[in-house]
Amino acid sequence: MTAADEQLRGRLREILGADGILTAAADCAPYLIDHRQLYRGAALAVVLPRSVAQVSQVLACCDAQRVGVVPHGGNTSYCGGATPDESGRQLVLSLQRLNRIRSLDAANYSLVAESGCILAQLQHAADAAERCLPLTLGSQGSCQIGGNLSTNAGGTSVLRYGMARDLVLGLEVVLADGRVLDGLSALRKDNTGYDIKSLFLGAEGTLGVITAASLKLFPKVRDVATAFAAVADVHAAVALLARLRDASSDRVSSFELIPRIAVELTVRHIPGVTDPLDQVHEWYVLCELSSSRAADGLEELLSEALGAALADGLVRDAAVPGSERERAALWKLRESIPEAQRKEGANLKHDIAVPVAALPDFVARASAWVNANVTQGRLVAYGHVGDGNLHFNISAAAGADSERFLGQAAAVRRAIHDLVREFNGSFSAEHGIGRLKVDELERYADAVELGLMRAVKSAFDPHGIMNPGKVLRA
């Protein structure tokens, strides 16, 4: 520890108080390892500001000292986006104490929340006001809204409501030098110059720290119809999606693709999960319609649409839950797939997106490559087929040599992502870049686009202190 480091720690204690800075190894440890345990960093300290003014002072101090700052939310990143490097020279800035809902305007269908608010907390607040915050994630009980916005989170409702950025009316952001951008607008229309707020959405804390957001709300959901349907293949799933959108006047809010192996893994590893259908099928979809009007007849509509699809051979079997408990069980199956894969053993993850119409061809070609080239692997391709996003994962087969299996990661990633490129898709649909995919961004991004990103980074953060090494190479 240098004298300069001790001096900085002292200044931070003055700003935050003794309880606002952590330096003991045991206290800092939870903030230094990422969700997937891919990275284990070190930090000069972990700071826990309680106000925007404190965040401003911390950043101004770090900018003057050229100390890197790593914003930290709920630590649910899949790409190491909130973990410091191994140098011990970076500061982790936790937003967990900025956790107030500043206002909720039901008439304007909006709320203003600080970045440390847990997503589920905001969902419950909206529901209590007879409104809906539709951002829905498997991690919603622990992820924070600031992190959701900084990574432009997706989730299971993108088909109906869009990505996280589509829910944002305004932002409050602290810039690298400590200046505060006060842009918490609640307007739907505002064409007064550049849309500066959009630059921070998906920037993963590399341009500034989001400290609060003004978010869109929607009418409360009062009628829901859910079904778990077996389909022959991905082509049938895509065709069923189009049919349901037409039949329901586009009230499909979720449409998730699930392969047979994912059902087997969740039944094996997740207590309380059971196979929804009596017969075994290769592919399934979990679909849901929703409406803000009570007793809108969605269950009848969905049953009729599935019956017609069954008669036409598009659907092979289906289960419609008869209670909220049964509906929750279906969603538990879907949302437990990542945990089941983790419990099964080593796996290779890919968060890709292609145009919805191209999904059947992509899955066919990518599956054939995996079957031919990853002999110790089993494909687990699942996800948000309604918006073209698949988690194209590969689990190690029983008895496989884990080290050897994981040693194929680079070659598998290259093959899958190159194929995604052929389909004009994305190698990072909803998980972001973080530290994990910096090389991928440099490989696949348009040169002009990458140059503009670097120019924006330089303009907003000229000393490079904001989340160094994430998204863009430090």
# chains A, B, ... in the order shown; residues from 1 in each chain; ligands from 1
$ residues_around --residues "Ser248 (chain A)" --least-positions-apart "3" --cutoff "10 Å" --atoms "only C-alpha atoms" --output "count of residues only"
11
$ residues_around --residues "region 400-411 of chain A" --least-positions-apart "5" --cutoff "7 Å" --atoms "only C-alpha atoms" --output "VMD selection string"
chain A and resid 346 348 376
$ select_by_dssp --residues "region 164-263 of chain A" --states "helix (DSSP H, G or I)" --output "ChimeraX atom specification"
/A:164-167,197-200,234-247,260-263
$ write_last_selection --atoms "C-alpha atoms" --output "mmCIF file, in the first residue's frame"
data_model
loop_
_atom_site.group_PDB
_atom_site.id
_atom_site.type_symbol
_atom_site.label_atom_id
_atom_site.label_comp_id
_atom_site.auth_asym_id
_atom_site.auth_seq_id
_atom_site.Cartn_x
_atom_site.Cartn_y
_atom_site.Cartn_z
ATOM 1 C CA ALA A 164 -34.460 -2.076 -20.719
ATOM 2 C CA ARG A 165 -33.543 1.012 -22.761
ATOM 3 C CA ASP A 166 -37.095 1.100 -24.132
ATOM 4 C CA LEU A 167 -38.431 1.640 -20.608
ATOM 5 C CA LYS A 197 -29.191 9.405 -21.981
ATOM 6 C CA SER A 198 -29.145 6.613 -24.568
ATOM 7 C CA LEU A 199 -25.346 6.571 -24.512
ATOM 8 C CA PHE A 200 -25.322 5.364 -20.903
ATOM 9 C CA VAL A 234 -37.610 -24.741 -34.151
ATOM 10 C CA HIS A 235 -39.343 -24.030 -37.451
ATOM 11 C CA ALA A 236 -42.660 -25.083 -35.876
ATOM 12 C CA ALA A 237 -41.939 -22.882 -32.855
ATOM 13 C CA VAL A 238 -41.396 -19.816 -35.044
ATOM 14 C CA ALA A 239 -44.537 -20.582 -37.036
ATOM 15 C CA LEU A 240 -46.535 -20.968 -33.805
ATOM 16 C CA LEU A 241 -45.269 -17.610 -32.582
ATOM 17 C CA ALA A 242 -46.556 -15.883 -35.720
ATOM 18 C CA ARG A 243 -49.907 -17.640 -35.421
ATOM 19 C CA LEU A 244 -50.346 -16.636 -31.772
ATOM 20 C CA ARG A 245 -49.412 -13.030 -32.462
ATOM 21 C CA ASP A 246 -52.041 -12.856 -35.181
ATOM 22 C CA ALA A 247 -54.718 -14.685 -33.182
ATOM 23 C CA ARG A 260 -35.835 -31.659 -24.142
ATOM 24 C CA ILE A 261 -32.441 -31.762 -22.473
ATOM 25 C CA ALA A 262 -33.269 -28.606 -20.500
ATOM 26 C CA VAL A 263 -36.387 -30.266 -19.101
#
$ closest_atom_pairs --of "region 234-313 of chain A" --to "region 132-146 of chain A" --cutoff "12 Å" --atoms "only C-alpha atoms" --output "JSON lines"
{"residue": "A:Ser253", "atom": "CA", "partner": "A:Pro134", "partner_atom": "CA", "distance": 9.5}
{"residue": "A:Ser254", "atom": "CA", "partner": "A:Thr136", "partner_atom": "CA", "distance": 10.0}
{"residue": "A:Ser290", "atom": "CA", "partner": "A:Pro134", "partner_atom": "CA", "distance": 11.3}
{"residue": "A:Ser291", "atom": "CA", "partner": "A:Cys132", "partner_atom": "CA", "distance": 11.3}
{"residue": "A:Ser292", "atom": "CA", "partner": "A:Cys132", "partner_atom": "CA", "distance": 9.5}
$ closest_residue --among "A:Thr211, A:Leu171, A:Val46, A:Gly193" --to "Gly116 (chain A)" --atoms "only C-alpha atoms"
A:Thr211
$ closest_residue --among "A:Val180, A:Cys79, A:Asp85, A:Ser426" --to "Val438 (chain A)" --atoms "only C-alpha atoms"
A:Cys79
$ residues_around --residues "region 448-454 of chain A" --least-positions-apart "4" --cutoff "8 Å" --atoms "only C-alpha atoms" --output "PyMOL selection string"
chain A and resi 442+458+472
$ residues_around --residues "Leu159 (chain A)" --least-positions-apart "2" --cutoff "10 Å" --atoms "only C-alpha atoms" --output "list in words"
Gly154, Gly155, Thr156, Ser157, Tyr161, Gly162, Met163, Asp250, Arg251, Val252, Ser253, Ser254, Phe255, His384, Val385, Gly386, Asp387 and Gly388 of chain A
$ closest_residue --among "A:Val315, A:Arg325, A:Leu44, A:Gly208" --to "Val456 (chain A)" --atoms "only C-alpha atoms"
A:Gly208
$ closest_residue --among "A:Arg378, A:Arg327, A:His463, A:Arg365" --to "Leu265 (chain A)" --atoms "only C-alpha atoms"
A:Arg378
$ select_by_dssp --residues "region 101-276 of chain A" --states "strand (DSSP E)" --output "number ranges by chain"
A: 101-105, 110-114, 131-132, 168-175, 180-183, 208-216, 218-219, 223-231, 252-259
